[in-house]
Amino acid sequence: MSDFFPRYLVDSAMTEDTPESNEIGSTDEMDTLLITSTSVDASKTSVSKKSYILIGLTALQYFSISATFSIMAPFFPQEAEEKGLSKSDIGMVFGSFELAFMTTSPIFGKATPNCGVAFMFVAGSLVTGVVSILFSVLDRSAPGDTFFWLCVACRLVQASGCAAFSVAINAFMATEFPKNVAAIVGLMEVSSGLGYMLGPFVGGLLYDAGGFSLPFQVLGVVVILWTFICMPFLPYNDKPSENDAKASYSKLLASKEMILLIICSFTCANMMSFLDPTVAPFLEKKFGFDQMKIGCMFLAISGPYTFSAVFVGSIVDKGYGKLVFLLGFTISGITLLVFQILNFESRTLEISATCACFALLGLSLACMYIPSFPLMLASASRITPGAELTTKSLVSGINQTAFSLGALTGPVIFGGFVFSEIGFENSTSLLAIWGLFVAILCVIYWGLSRRSNAYSSDQLSTEAATEDEGLISA
């Protein structure tokens, strides 16, 4: 398959080693794109059954935690309005999650190597579950500012717990499964996606059965109980090595490639979060859809994203991370541009075309998001070779911070200001142009890097040949 694409878009580390690739200064050695330089040694050791069990349990925990945050969607806005909150106040309550997730992720990325994966996993999960239970009593608080600030405080603390959990488990996955990072990230996205999709449905049922408190109490207890089930399988001997002292945020952020990947992760989150506040008004205005039909159209986006995640991850793990990455940006850009020209005489045909665009958009978002963490790991491994847990923890913090920043600004910039000024179709066009521009930047950078590595390799070969000739003549 690699013969059909430029070599700098195929991850040479995923191919079998050849004598040529082991030569000093070879371009294949310099162009390791997906698996970290330390993962070769890690892959030689067998993965324990406990690690596999923990991954399965963690996927279920991801589902529970995601559902914990989404259960409030069907009923909280109405309850909040009755407590005297405006629509902007309600938006701030929801948006405070991304703010806390963004600001605490780098802190937990730095702390995880010292505190350990097990501690961060347990502490983050317990905080998330306990605060969910505390949230259940907020309907008894005084209305107005008191209710607002208590809701924001709970969401901030809860998001911090979720950030600690996510950073820890991402570092663990990258360490234990170096050759399957993308596939496991895809599995977690399936679990998280199902949690976000089914959370509002479960929340609505529990709200009808027991009012405001019951949904938060049930999910909070589930998260806490599942944390105790996971505890026997957590790693308790993961201490940083001597090489881990080499890793730092300053070194990682000094890399041009890392900055480029941060921009990519930020852009991906922009595209995802832009859809949340804009799709419903667009469908209601264009087709007159009710809430049920709008919900089904959202499934046209989230469904392909969720159920393609593991498949996309398996392709990335085979060595095509950069290719999948660029394909995602290209498809999403073209799909968003199509909204500008969707104007069929047949209403049925136009609705079908819109569904198809949403499905393609969901698939392309998976192609953009899944490779981001493995590609950042690869870039980091070249910056700080030999650093295991610390590097992976820092990269996890960087990736989550970049994504959260994009998820926070997407609804505000594109989904708020730009959408209100120029409408949905023109907003998607601007977002498409931005995405395609980022893709072009990636192609240029990786192409130039490949050429630079090839030039360096030729120089090394020439110098080696000159030295050999000098020895022979002597």
# chains A, B, ... in the order shown; residues from 1 in each chain; ligands from 1
call {"tool": "residues_around", "arguments": {"residues": "Ala142 (chain A)", "least_positions_apart": "4", "cutoff": "12 Å", "atoms": "only C-alpha atoms", "output": "list in words"}}
result
Ala80, Glu82, Lys83, Gly84, Leu85, Val137, Leu138, Thr146, Phe147, Phe148, Trp149, Leu150 and Cys151 of chain A
call {"tool": "residues_around", "arguments": {"residues": "Ile315 (chain A)", "least_positions_apart": "4", "cutoff": "12 Å", "atoms": "only C-alpha atoms", "output": "MDAnalysis selection string"}}
result
chainID A and resid 1 10:11 14 34 179:184 186 308:311 319:325 366:367 370:371
call {"tool": "residues_around", "arguments": {"residues": "region 260-266 of chain A", "least_positions_apart": "2", "cutoff": "10 Å", "atoms": "only C-alpha atoms", "output": "count of residues only"}}
result
40
call {"tool": "atom_distance", "arguments": {"atom1": "CA of Glu425 (chain A)", "atom2": "CA of Thr278 (chain A)"}}
result
10.2 Å
call {"tool": "atom_distance", "arguments": {"atom1": "CA of Pro74 (chain A)", "atom2": "CA of Val202 (chain A)"}}
result
9.7 Å
call {"tool": "closest_residue", "arguments": {"among": "A:Gly109, A:Ser166, A:Cys115, A:Pro235", "to": "Glu189 (chain A)", "atoms": "only C-alpha atoms"}}
result
A:Ser166
